[in-house]
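*Asks:* Below is the file entry-v8.cif, which contains mmCIF, C-alpha atoms.
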data_model
loop_
_atom_site.label_atom_id
_atom_site.label_comp_id
_atom_site.auth_asym_id
_atom_site.auth_seq_id
_atom_site.Cartn_x
_atom_site.Cartn_y
_atom_site.Cartn_z
CA MET D 1 -14.22 -105.19 -10.71
CA GLY D 2 -11.16 -103.13 -11.43
CA GLY D 3 -13.24 -99.95 -11.36
CA MET D 4 -14.75 -100.87 -8.00
CA ALA D 5 -11.35 -101.62 -6.49
CA LYS D 6 -9.99 -98.34 -7.83
CA SER D 7 -12.98 -96.49 -6.37
CA ARG D 8 -12.41 -98.10 -2.94
CA LEU D 9 -8.72 -97.18 -3.00
CA THR D 10 -9.60 -93.62 -3.96
CA SER D 11 -12.14 -93.38 -1.12
CA ARG D 12 -9.62 -94.76 1.39
CA GLY D 13 -7.01 -92.30 0.16
CA SER D 14 -9.42 -89.39 0.50
CA ALA D 15 -10.44 -90.48 4.01
CA ALA D 16 -6.80 -90.78 5.01
CA THR D 17 -6.08 -87.30 3.64
CA ILE D 18 -9.02 -85.78 5.53
CA SER D 19 -7.94 -87.54 8.71
CA ALA D 20 -4.38 -86.29 8.31
CA LEU D 21 -5.56 -82.71 7.76
CA GLY D 22 -8.09 -82.83 10.62
CA ASP D 23 -7.68 -80.38 13.50
CA PRO D 24 -6.71 -81.65 16.95
CA VAL D 25 -9.49 -82.30 19.42
CA TRP D 26 -8.50 -79.37 21.63
CA VAL D 27 -8.82 -76.97 18.68
CA LYS D 28 -12.33 -78.20 17.91
CA CYS D 29 -13.29 -77.88 21.58
CA LEU D 30 -11.84 -74.38 21.78
CA VAL D 31 -13.65 -73.18 18.66
CA GLY D 32 -16.93 -74.77 19.77
CA THR D 33 -16.67 -73.30 23.27
CA ALA D 34 -15.87 -69.84 21.90
CA SER D 35 -18.86 -70.00 19.54
CA VAL D 36 -21.26 -71.09 22.28
CA ALA D 37 -19.91 -68.45 24.66
CA PHE D 38 -20.30 -65.73 22.03
CA LEU D 39 -23.89 -66.76 21.25
CA GLY D 40 -24.73 -66.98 24.93
CA LEU D 41 -23.23 -63.58 25.76
CA PHE D 42 -24.61 -61.59 22.85
CA LEU D 43 -27.87 -63.42 22.05
CA VAL D 44 -29.19 -65.58 24.87
CA VAL D 45 -28.34 -63.30 27.81
CA PRO D 46 -29.99 -60.18 26.29
CA LEU D 47 -33.04 -62.23 25.35
CA VAL D 48 -33.37 -63.58 28.89
CA ALA D 49 -32.83 -60.10 30.29
CA VAL D 50 -35.71 -58.70 28.21
CA PHE D 51 -38.23 -61.22 29.56
CA THR D 52 -36.83 -61.01 33.09
CA GLU D 53 -37.24 -57.24 33.23
CA ALA D 54 -40.66 -57.41 31.59
CA LEU D 55 -41.92 -59.83 34.26
CA ARG D 56 -40.06 -58.24 37.15
CA LYS D 57 -43.26 -56.87 38.74
CA GLY D 58 -45.38 -59.87 37.93
CA LEU D 59 -47.62 -61.07 35.16
CA GLY D 60 -50.34 -58.54 36.01
CA ALA D 61 -48.06 -55.54 35.47
CA TYR D 62 -46.77 -57.17 32.29
CA LEU D 63 -50.26 -57.55 30.83
CA ASP D 64 -51.32 -54.07 31.96
CA SER D 65 -48.55 -52.63 29.79
CA PHE D 66 -50.46 -53.73 26.70
CA HIS D 67 -53.74 -52.18 27.84
CA GLN D 68 -52.41 -48.65 27.55
CA PRO D 69 -53.88 -46.72 24.59
CA ASP D 70 -50.44 -45.68 23.31
CA ALA D 71 -49.17 -49.26 23.40
CA LEU D 72 -52.23 -50.53 21.53
CA ALA D 73 -51.86 -47.74 18.96
CA ALA D 74 -48.17 -48.64 18.46
CA ILE D 75 -49.01 -52.31 17.95
CA ARG D 76 -51.80 -51.49 15.48
CA LEU D 77 -49.56 -49.12 13.52
CA THR D 78 -46.76 -51.69 13.37
CA LEU D 79 -49.12 -54.33 12.03
CA LEU D 80 -50.61 -51.85 9.54
CA VAL D 81 -47.21 -50.79 8.20
CA ALA D 82 -46.03 -54.40 7.88
CA GLY D 83 -49.33 -55.35 6.24
CA ILE D 84 -48.73 -52.73 3.55
CA ALA D 85 -44.96 -52.99 3.12
CA VAL D 86 -44.68 -56.78 2.92
CA PRO D 87 -47.22 -57.29 0.07
CA LEU D 88 -45.60 -54.44 -1.88
CA ASN D 89 -42.22 -56.08 -1.45
CA ILE D 90 -43.64 -59.42 -2.56
CA VAL D 91 -44.86 -57.86 -5.82
CA PHE D 92 -41.57 -56.04 -6.37
CA GLY D 93 -39.46 -59.07 -5.43
CA LEU D 94 -41.33 -61.38 -7.78
CA ALA D 95 -41.17 -58.92 -10.67
CA ALA D 96 -37.50 -58.01 -10.15
CA SER D 97 -36.27 -61.56 -9.64
CA TRP D 98 -38.26 -62.84 -12.65
CA ALA D 99 -36.88 -60.08 -14.87
CA ILE D 100 -33.29 -60.50 -13.70
CA ALA D 101 -33.20 -64.29 -13.80
CA LYS D 102 -35.25 -64.97 -16.93
CA PHE D 103 -34.51 -62.06 -19.30
CA GLU D 104 -31.62 -60.07 -20.69
CA PHE D 105 -32.07 -56.30 -20.95
CA ARG D 106 -30.19 -53.05 -20.69
CA GLY D 107 -29.77 -51.80 -17.15
CA LYS D 108 -29.86 -55.26 -15.60
CA SER D 109 -26.66 -54.68 -13.62
CA LEU D 110 -27.98 -51.31 -12.48
CA LEU D 111 -31.20 -52.92 -11.24
CA ILE D 112 -29.25 -55.49 -9.23
CA THR D 113 -27.16 -52.69 -7.72
CA LEU D 114 -30.24 -50.69 -6.79
CA ILE D 115 -31.78 -53.73 -5.10
CA ASP D 116 -28.71 -53.93 -2.85
CA LEU D 117 -28.79 -50.19 -2.11
CA PRO D 118 -30.65 -50.42 1.25
CA PHE D 119 -27.93 -52.77 2.52
CA ALA D 120 -25.32 -50.07 1.87
CA VAL D 121 -27.25 -46.98 2.98
CA SER D 122 -27.93 -46.25 6.63
CA PRO D 123 -31.66 -46.34 7.45
CA VAL D 124 -31.32 -42.91 9.07
CA ILE D 125 -29.98 -41.51 5.79
CA SER D 126 -32.90 -42.99 3.87
CA GLY D 127 -35.30 -41.37 6.34
CA LEU D 128 -33.59 -38.00 5.88
CA ILE D 129 -33.92 -38.36 2.10
CA TYR D 130 -37.69 -38.76 2.45
CA VAL D 131 -37.80 -35.68 4.68
CA LEU D 132 -35.89 -33.70 2.04
CA LEU D 133 -38.31 -34.91 -0.63
CA PHE D 134 -41.68 -34.77 1.11
CA GLY D 135 -41.11 -32.57 4.16
CA LEU D 136 -42.72 -29.16 4.48
CA GLN D 137 -39.48 -27.51 3.31
CA GLY D 138 -38.64 -30.31 0.88
CA TRP D 139 -38.82 -30.49 -2.90
CA PHE D 140 -42.46 -31.57 -3.02
CA GLY D 141 -43.47 -30.14 0.36
CA PRO D 142 -45.23 -26.96 -0.84
CA TRP D 143 -47.25 -28.86 -3.47
CA LEU D 144 -48.25 -31.54 -0.95
CA ALA D 145 -49.24 -28.89 1.60
CA ALA D 146 -51.31 -27.04 -1.00
CA HIS D 147 -53.23 -30.25 -1.71
CA ASP D 148 -53.56 -31.15 1.98
CA ILE D 149 -51.44 -34.28 1.62
CA GLN D 150 -49.19 -35.21 4.53
CA ILE D 151 -46.48 -37.82 4.10
CA ILE D 152 -43.79 -36.96 6.64
CA PHE D 153 -44.85 -37.34 10.29
CA ALA D 154 -47.73 -39.52 9.10
CA VAL D 155 -48.43 -43.12 8.18
CA PRO D 156 -47.48 -42.76 4.46
CA GLY D 157 -43.96 -41.65 5.37
CA ILE D 158 -43.54 -44.59 7.75
CA VAL D 159 -44.71 -46.98 5.04
CA LEU D 160 -42.32 -45.47 2.48
CA ALA D 161 -39.36 -45.70 4.87
CA THR D 162 -40.24 -49.29 5.78
CA VAL D 163 -40.63 -50.33 2.14
CA PHE D 164 -37.21 -48.87 1.31
CA VAL D 165 -35.31 -50.74 4.01
CA THR D 166 -37.09 -54.04 3.36
CA PHE D 167 -37.46 -54.36 -0.41
CA PRO D 168 -34.19 -56.31 -1.01
CA PHE D 169 -35.18 -59.29 1.13
CA VAL D 170 -37.70 -61.03 -1.13
CA ALA D 171 -35.81 -60.32 -4.35
CA ARG D 172 -32.43 -61.35 -2.93
CA GLU D 173 -33.79 -64.71 -1.76
CA MET D 174 -35.36 -65.53 -5.12
CA ILE D 175 -32.83 -64.25 -7.68
CA PRO D 176 -30.11 -66.88 -7.06
CA LEU D 177 -32.63 -69.74 -7.11
CA MET D 178 -34.28 -68.55 -10.32
CA GLN D 179 -30.88 -68.10 -11.98
CA GLU D 180 -29.84 -71.61 -10.96
CA GLN D 181 -33.04 -73.12 -12.35
CA GLY D 182 -32.55 -71.48 -15.74
CA THR D 183 -35.25 -71.01 -18.36
CA GLU D 184 -35.67 -74.52 -19.76
CA GLU D 185 -38.98 -75.27 -18.02
CA GLU D 186 -40.47 -71.91 -18.97
CA GLU D 187 -39.41 -72.36 -22.59
CA ALA D 188 -40.96 -75.82 -22.65
CA ALA D 189 -44.23 -74.44 -21.26
CA LEU D 190 -44.31 -71.71 -23.90
CA VAL D 191 -43.65 -74.26 -26.66
CA LEU D 192 -46.60 -76.31 -25.37
CA GLY D 193 -48.86 -73.28 -25.75
CA ALA D 194 -48.91 -71.76 -22.26
CA SER D 195 -49.22 -67.99 -21.98
CA GLY D 196 -46.80 -65.83 -20.03
CA TRP D 197 -49.06 -65.66 -16.95
CA GLN D 198 -49.76 -69.39 -17.06
CA THR D 199 -46.04 -70.08 -17.25
CA PHE D 200 -45.39 -67.83 -14.28
CA TRP D 201 -48.17 -69.20 -12.05
CA ARG D 202 -47.81 -72.88 -12.93
CA VAL D 203 -44.07 -73.25 -13.57
CA THR D 204 -41.96 -70.43 -12.19
CA LEU D 205 -43.78 -69.66 -8.93
CA PRO D 206 -44.13 -73.28 -7.69
CA ASN D 207 -40.39 -73.76 -8.18
CA VAL D 208 -39.51 -70.81 -5.94
CA LYS D 209 -42.32 -70.96 -3.38
CA TRP D 210 -40.01 -71.78 -0.45
CA ALA D 211 -37.54 -69.03 -1.35
CA LEU D 212 -40.49 -66.63 -1.56
CA LEU D 213 -41.75 -67.68 1.86
CA TYR D 214 -38.25 -67.36 3.31
CA GLY D 215 -37.94 -63.83 1.93
CA VAL D 216 -41.38 -62.87 3.24
CA ILE D 217 -40.47 -64.05 6.74
CA LEU D 218 -37.28 -61.97 6.79
CA CYS D 219 -39.05 -58.98 5.23
CA ASN D 220 -41.84 -59.04 7.82
CA ALA D 221 -39.40 -59.30 10.72
CA ARG D 222 -37.42 -56.30 9.47
CA ALA D 223 -40.58 -54.30 8.78
CA MET D 224 -41.85 -54.74 12.33
CA GLY D 225 -38.49 -54.10 13.94
CA GLU D 226 -37.25 -51.14 11.86
CA PHE D 227 -36.20 -48.17 13.98
CA GLY D 228 -33.77 -45.78 12.25
CA ALA D 229 -35.66 -44.76 9.11
CA VAL D 230 -39.04 -44.78 10.85
CA SER D 231 -37.69 -42.67 13.70
CA VAL D 232 -36.72 -39.89 11.28
CA VAL D 233 -40.01 -39.70 9.37
CA SER D 234 -42.46 -40.44 12.20
CA GLY D 235 -42.13 -37.35 14.38
CA HIS D 236 -42.60 -39.52 17.51
CA LEU D 237 -46.25 -38.59 17.94
CA ARG D 238 -47.57 -40.78 20.73
CA GLY D 239 -50.64 -42.72 19.80
CA LYS D 240 -50.34 -41.65 16.14
CA THR D 241 -46.96 -42.29 14.51
CA ASN D 242 -45.11 -44.40 17.06
CA THR D 243 -44.42 -47.97 16.05
CA MET D 244 -43.46 -50.60 18.61
CA PRO D 245 -39.68 -49.91 18.51
CA LEU D 246 -40.29 -46.16 18.89
CA HIS D 247 -42.75 -46.77 21.72
CA VAL D 248 -40.15 -48.87 23.52
CA GLU D 249 -37.65 -46.01 23.28
CA ILE D 250 -40.10 -43.48 24.70
CA LEU D 251 -41.08 -45.73 27.60
CA TYR D 252 -37.45 -46.45 28.42
CA ASN D 253 -36.53 -42.76 28.34
CA GLU D 254 -39.38 -42.12 30.76
CA TYR D 255 -37.94 -44.79 33.12
CA ASN D 256 -41.04 -46.94 32.64
CA PHE D 257 -38.87 -50.03 32.40
CA VAL D 258 -41.52 -52.72 32.90
CA ALA D 259 -43.72 -51.38 30.11
CA ALA D 260 -40.70 -50.80 27.85
CA PHE D 261 -39.44 -54.34 28.26
CA ALA D 262 -42.97 -55.72 27.95
CA VAL D 263 -43.37 -54.20 24.50
CA ALA D 264 -39.80 -55.20 23.67
CA SER D 265 -40.67 -58.77 24.59
CA LEU D 266 -43.24 -58.79 21.79
CA LEU D 267 -40.49 -57.90 19.33
CA ALA D 268 -38.31 -60.60 20.89
CA LEU D 269 -41.11 -63.13 20.45
CA LEU D 270 -41.38 -62.02 16.84
CA ALA D 271 -37.68 -62.73 16.42
CA LEU D 272 -38.08 -66.20 17.93
CA VAL D 273 -41.07 -66.98 15.73
CA THR D 274 -39.08 -65.79 12.73
CA LEU D 275 -36.23 -68.14 13.61
CA VAL D 276 -38.61 -71.07 14.00
CA LEU D 277 -40.32 -70.36 10.68
CA LYS D 278 -36.93 -69.86 9.02
CA ALA D 279 -35.76 -73.25 10.33
CA LEU D 280 -38.96 -74.93 9.14
CA VAL D 281 -38.59 -73.45 5.65
CA GLU D 282 -34.95 -74.54 5.47
CA TRP D 283 -35.89 -78.03 6.65
CA ARG D 284 -38.70 -78.30 4.14
CA THR D 285 -36.47 -77.02 1.34
CA GLY D 286 -33.74 -79.49 2.31
CA ARG D 287 -36.22 -82.36 2.22
CA GLU D 288 -37.42 -81.45 -1.26
CA VAL D 289 -33.87 -81.08 -2.55
CA HIS D 290 -32.90 -84.42 -1.02
CA ALA D 291 -35.98 -86.11 -2.48
CA ALA D 292 -35.23 -84.66 -5.90
CA GLY D 293 -31.60 -85.77 -5.69
CA ALA D 294 -32.59 -89.29 -4.65
CA GLY D 295 -34.92 -89.80 -7.60
CA PRO D 296 -34.45 -92.80 -9.87
CA GLU D 297 -33.03 -90.63 -12.64
CA ASN D 298 -30.25 -89.43 -10.34
CA LEU D 299 -29.17 -92.77 -8.97
CA GLU D 300 -25.76 -93.88 -10.15
CA SER D 301 -25.67 -97.09 -12.13
CA PRO D 302 -23.38 -99.79 -10.67
CA GLU D 303 -20.04 -100.15 -12.33
CA GLU D 304 -19.44 -103.26 -14.34
#
Could you express the structure from this file as structure tokens?

*Replies:*
Amino acid sequence: MGGMAKSRLTSRGSAATISALGDPVWVKCLVGTASVAFLGLFLVVPLVAVFTEALRKGLGAYLDSFHQPDALAAIRLTLLVAGIAVPLNIVFGLAASWAIAKFEFRGKSLLITLIDLPFAVSPVISGLIYVLLFGLQGWFGPWLAAHDIQIIFAVPGIVLATVFVTFPFVAREMIPLMQEQGTEEEEAALVLGASGWQTFWRVTLPNVKWALLYGVILCNARAMGEFGAVSVVSGHLRGKTNTMPLHVEILYNEYNFVAAFAVASLLALLALVTLVLKALVEWRTGREVHAAGAGPENLESPEE
């Protein structure tokens, strides 16, 4: 009884402290209004403007913009590049996060730093590096030309640039979760006779499946929307090396605003779908965490 009374007094004291330190109502209203205004001005208004301009001449003109051969080629190339880059990043992200979170080895800090490198380097700089390496006048350019291999101003260069700017996303979503989970479950599986692959597929991967999906969603969105690095290595060849963002730029520079905003609306829809999927993954993850925290083993026993 004494413990319960002490707990109630402590709770009342904490509530009183929080109430005393609470901000005035006008401060909360001001901060909330400023946040909504900022989101409306910099996110909602541009999004509405994209669809408004795309549909300015009617639905027929909007749909005709996607029937152009160059637009179809840009969409196909964007899907192709994302279809190659995202699976490669999944493999790298799984391997890197598993190694960093579950093992100790020399160069671990260096690997973590290299994973964060695309966040610190401008995408344009990364594209220039690929040009210096694989361009006709680059380090490997003469050898590639002698063997009739073209990387820059071709699909391989676009894939390489896209992989570089997107490879941190999967790994960075999974590393903290794997580190928090520790190695106890894997060690128990190994003691019970499971092999390394069995431990990975049946223990490690199921525990991080939502973080993996979250990273894949972000990686795919960045892969389809990348502009800077792809712009440097693509050569802007219409119908051949133009992705959707590059095609939008060309159409806009040619004052073909309806077609430009129509293609841009596809990228905007991709962003909206990404946000919805991101929210669903967060909701699902929150439900699983809540269910795990509310299990019988985590319930507090009543004080005597």

*Asks:* Range 139-256 of chain D near range 55-74 of chain D within 8 Å: what's each residue's closest atom pair and its distance in Å to one decimal, counting all atoms listed in the file, ordered by chain then ascending residue number, as a Markdown table?

*Replies:*
| residue | atom | partner | partner_atom | distance |
| --- | --- | --- | --- | --- |
| D:Arg238 | CA | D:Asp70 | CA | 6.2 |
| D:Gly239 | CA | D:Asp70 | CA | 4.6 |
| D:Lys240 | CA | D:Ala73 | CA | 6.9 |
| D:Thr241 | CA | D:Ala74 | CA | 7.6 |
| D:Asn242 | CA | D:Ala74 | CA | 5.4 |
| D:Thr243 | CA | D:Ala74 | CA | 4.5 |
| D:Met244 | CA | D:Ala74 | CA | 5.1 |
| D:His247 | CA | D:Ala74 | CA | 6.6 |

*Asks:* Go ahead and compute the interatomic distance for CA of Asn89 in chain D and CA of Leu266 in chain D, in Å to one decimal.

*Replies:*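 According to the coordinates, CA of Asn89 in chain D and CA of Leu266 in chain D are separated by 23.4 Å.
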
*Asks:* Please evaluate the PyMOL selection byres ((chain D and resi 223-236) around 6) against the displayed coordinates and give the resulting residues as a PyMOL selection string.

*Replies:* chain D and resi 78+82+123-124+127+152-153+157-158+161-162+220-222+237+241-242+245

*Asks:* Might you spell out which residues the PyMOL selection byres ((chain D and resi 54) around 6) would select in the displayed file, as a list in words?

*Replies:*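 For this structure, the PyMOL selection byres ((chain D and resi 54) around 6) captures Phe51, Thr52, Glu53, Leu55, Arg56, Val258, Phe261 and Ala262 of chain D.
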
*Asks:* Against range 174-180 of chain D, which residues of range 6-104 of chain D fall within 8 Å? For each one I want the closest pair of atoms and the distance in Å (one decimal), counting all atoms listed in the file, rows by chain and increasing residue number, as a tab-separated table.

*Replies:*
residue	atom	partner	partner_atom	distance
D:Gly93	CA	D:Met174	CA	7.7
D:Leu94	CA	D:Met174	CA	7.7
D:Ser97	CA	D:Ile175	CA	4.8
D:Trp98	CA	D:Met178	CA	7.3
D:Ile100	CA	D:Ile175	CA	7.1
D:Ala101	CA	D:Gln179	CA	4.8
D:Lys102	CA	D:Gln179	CA	7.3

*Asks:* Report as a list in words all protein, DNA and RNA residues lying within 12 Å of Leu88 in chain D, evaluated on all atoms listed in the file, omitting residues in the same chain fewer than 3 positions from it.

*Replies:*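 My reading of the contact set: Val81, Ala82, Gly83, Ile84, Ala85, Val91, Phe92, Gly93, Leu94, Ala95, Val159, Leu160, Thr162, Val163, Phe164, Thr166, Phe167, Pro168, Phe169, Val170, Ala171, Val216, Cys219, Asn220 and Ala223 of chain D.
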
*Asks:* Kindly export the residues of the current selection with C-alpha atoms, as a PDB file, in the frame of the given file.

*Replies:*
ATOM      1  CA  VAL D  81     -47.210 -50.790   8.200  1.00  0.00           C
ATOM      2  CA  ALA D  82     -46.030 -54.400   7.880  1.00  0.00           C
ATOM      3  CA  GLY D  83     -49.330 -55.350   6.240  1.00  0.00           C
ATOM      4  CA  ILE D  84     -48.730 -52.730   3.550  1.00  0.00           C
ATOM      5  CA  ALA D  85     -44.960 -52.990   3.120  1.00  0.00           C
ATOM      6  CA  VAL D  91     -44.860 -57.860  -5.820  1.00  0.00           C
ATOM      7  CA  PHE D  92     -41.570 -56.040  -6.370  1.00  0.00           C
ATOM      8  CA  GLY D  93     -39.460 -59.070  -5.430  1.00  0.00           C
ATOM      9  CA  LEU D  94     -41.330 -61.380  -7.780  1.00  0.00           C
ATOM     10  CA  ALA D  95     -41.170 -58.920 -10.670  1.00  0.00           C
ATOM     11  CA  VAL D 159     -44.710 -46.980   5.040  1.00  0.00           C
ATOM     12  CA  LEU D 160     -42.320 -45.470   2.480  1.00  0.00           C
ATOM     13  CA  THR D 162     -40.240 -49.290   5.780  1.00  0.00           C
ATOM     14  CA  VAL D 163     -40.630 -50.330   2.140  1.00  0.00           C
ATOM     15  CA  PHE D 164     -37.210 -48.870   1.310  1.00  0.00           C
ATOM     16  CA  THR D 166     -37.090 -54.040   3.360  1.00  0.00           C
ATOM     17  CA  PHE D 167     -37.460 -54.360  -0.410  1.00  0.00           C
ATOM     18  CA  PRO D 168     -34.190 -56.310  -1.010  1.00  0.00           C
ATOM     19  CA  PHE D 169     -35.180 -59.290   1.130  1.00  0.00           C
ATOM     20  CA  VAL D 170     -37.700 -61.030  -1.130  1.00  0.00           C
ATOM     21  CA  ALA D 171     -35.810 -60.320  -4.350  1.00  0.00           C
ATOM     22  CA  VAL D 216     -41.380 -62.870   3.240  1.00  0.00           C
ATOM     23  CA  CYS D 219     -39.050 -58.980   5.230  1.00  0.00           C
ATOM     24  CA  ASN D 220     -41.840 -59.040   7.820  1.00  0.00           C
ATOM     25  CA  ALA D 223     -40.580 -54.300   8.780  1.00  0.00           C
TER      26      ALA D 223
END

*Asks:* Write out as a PyMOL selection string each polymer residue whose atoms come within 12 Å of Gly138 in chain D, counting all atoms listed in the file; drop sequence neighbours fewer than 5 positions from it.

*Replies:* chain D and resi 128-133+143-145+151-152

*Asks:* Which one is closest to Tyr214 in chain D: D:Val45, D:Leu111, D:Ala34, D:Ala279? Count all atoms listed in the file.

*Replies:*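 Between D:Val45, D:Leu111, D:Ala34, D:Ala279, the residue approaching Tyr214 in chain D most closely is D:Ala279.
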
*Asks:* Kindly give the distance, in Å, that separates CA of Gly196 in chain D and CA of Ala96 in chain D, rounded to a single decimal.

*Replies:*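 Rounded to one decimal, the two atoms are 15.7 Å apart.
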
*Asks:* To one decimal in Å, tell me the separation between CA of Pro118 in chain D and CA of Ala154 in chain D.

*Replies:*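 Distance between the two atoms: 21.7 Å.
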
*Asks:* Please check which residues have atoms at most 7 Å from (-37.4, -72.1, 1.0) in the file's coordinates, counting all atoms listed in the file, and write them as a VMD selection string.

*Replies:* chain D and resid 209 to 214 281 to 282 285

*Asks:* For each of D:Val121, D:Leu110, D:Ser126, D:Arg76, take the minimum atom-to-atom distance to Val155 in chain D, counting only C-alpha atoms, then give the residue where this is smallest.

*Replies:*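 Closest candidate: D:Arg76.
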
*Asks:* Could you complete range 58-65 of chain D so that it carries all heavy atoms, and give it back as a tab-separated table (two decimals), in the frame of the given file?

*Replies:*
chain	number	residue	atom	x	y	z
D	58	GLY	N	-44.30	-58.90	38.01
D	58	GLY	CA	-45.38	-59.87	37.93
D	58	GLY	C	-46.11	-59.86	36.61
D	58	GLY	O	-45.98	-58.93	35.79
D	59	LEU	N	-46.90	-60.91	36.42
D	59	LEU	CA	-47.62	-61.07	35.16
D	59	LEU	C	-48.69	-60.00	34.99
D	59	LEU	O	-48.96	-59.56	33.87
D	59	LEU	CB	-48.26	-62.46	35.11
D	59	LEU	CG	-48.99	-62.84	33.81
D	59	LEU	CD1	-48.02	-62.81	32.63
D	59	LEU	CD2	-49.63	-64.21	33.94
D	60	GLY	N	-49.29	-59.55	36.10
D	60	GLY	CA	-50.34	-58.54	36.01
D	60	GLY	C	-49.81	-57.22	35.45
D	60	GLY	O	-50.42	-56.63	34.56
D	61	ALA	N	-48.66	-56.77	35.98
D	61	ALA	CA	-48.06	-55.54	35.47
D	61	ALA	C	-47.64	-55.70	34.02
D	61	ALA	O	-47.72	-54.77	33.22
D	61	ALA	CB	-46.87	-55.14	36.34
D	62	TYR	N	-47.18	-56.89	33.67
D	62	TYR	CA	-46.77	-57.17	32.29
D	62	TYR	C	-47.95	-57.02	31.34
D	62	TYR	O	-47.85	-56.37	30.29
D	62	TYR	CB	-46.18	-58.57	32.22
D	62	TYR	CG	-45.81	-59.03	30.83
D	62	TYR	CD1	-44.60	-58.65	30.26
D	62	TYR	CD2	-46.65	-59.85	30.09
D	62	TYR	CE1	-44.25	-59.07	28.98
D	62	TYR	CE2	-46.31	-60.27	28.82
D	62	TYR	CZ	-45.10	-59.88	28.27
D	62	TYR	OH	-44.77	-60.30	27.01
D	63	LEU	N	-49.08	-57.61	31.70
D	63	LEU	CA	-50.26	-57.55	30.83
D	63	LEU	C	-50.87	-56.15	30.81
D	63	LEU	O	-51.40	-55.71	29.78
D	63	LEU	CB	-51.30	-58.56	31.30
D	63	LEU	CG	-50.88	-60.04	31.19
D	63	LEU	CD1	-51.97	-60.94	31.74
D	63	LEU	CD2	-50.57	-60.41	29.75
D	64	ASP	N	-50.78	-55.43	31.93
D	64	ASP	CA	-51.32	-54.07	31.96
D	64	ASP	C	-50.58	-53.14	31.00
D	64	ASP	O	-51.14	-52.15	30.54
D	64	ASP	CB	-51.24	-53.51	33.38
D	64	ASP	CG	-52.25	-54.15	34.31
D	64	ASP	OD1	-53.24	-54.73	33.80
D	64	ASP	OD2	-52.05	-54.10	35.54
D	65	SER	N	-49.33	-53.47	30.70
D	65	SER	CA	-48.55	-52.63	29.79
D	65	SER	C	-49.15	-52.59	28.40
D	65	SER	O	-48.97	-51.61	27.66
D	65	SER	CB	-47.10	-53.13	29.72
D	65	SER	OG	-46.50	-53.14	31.00
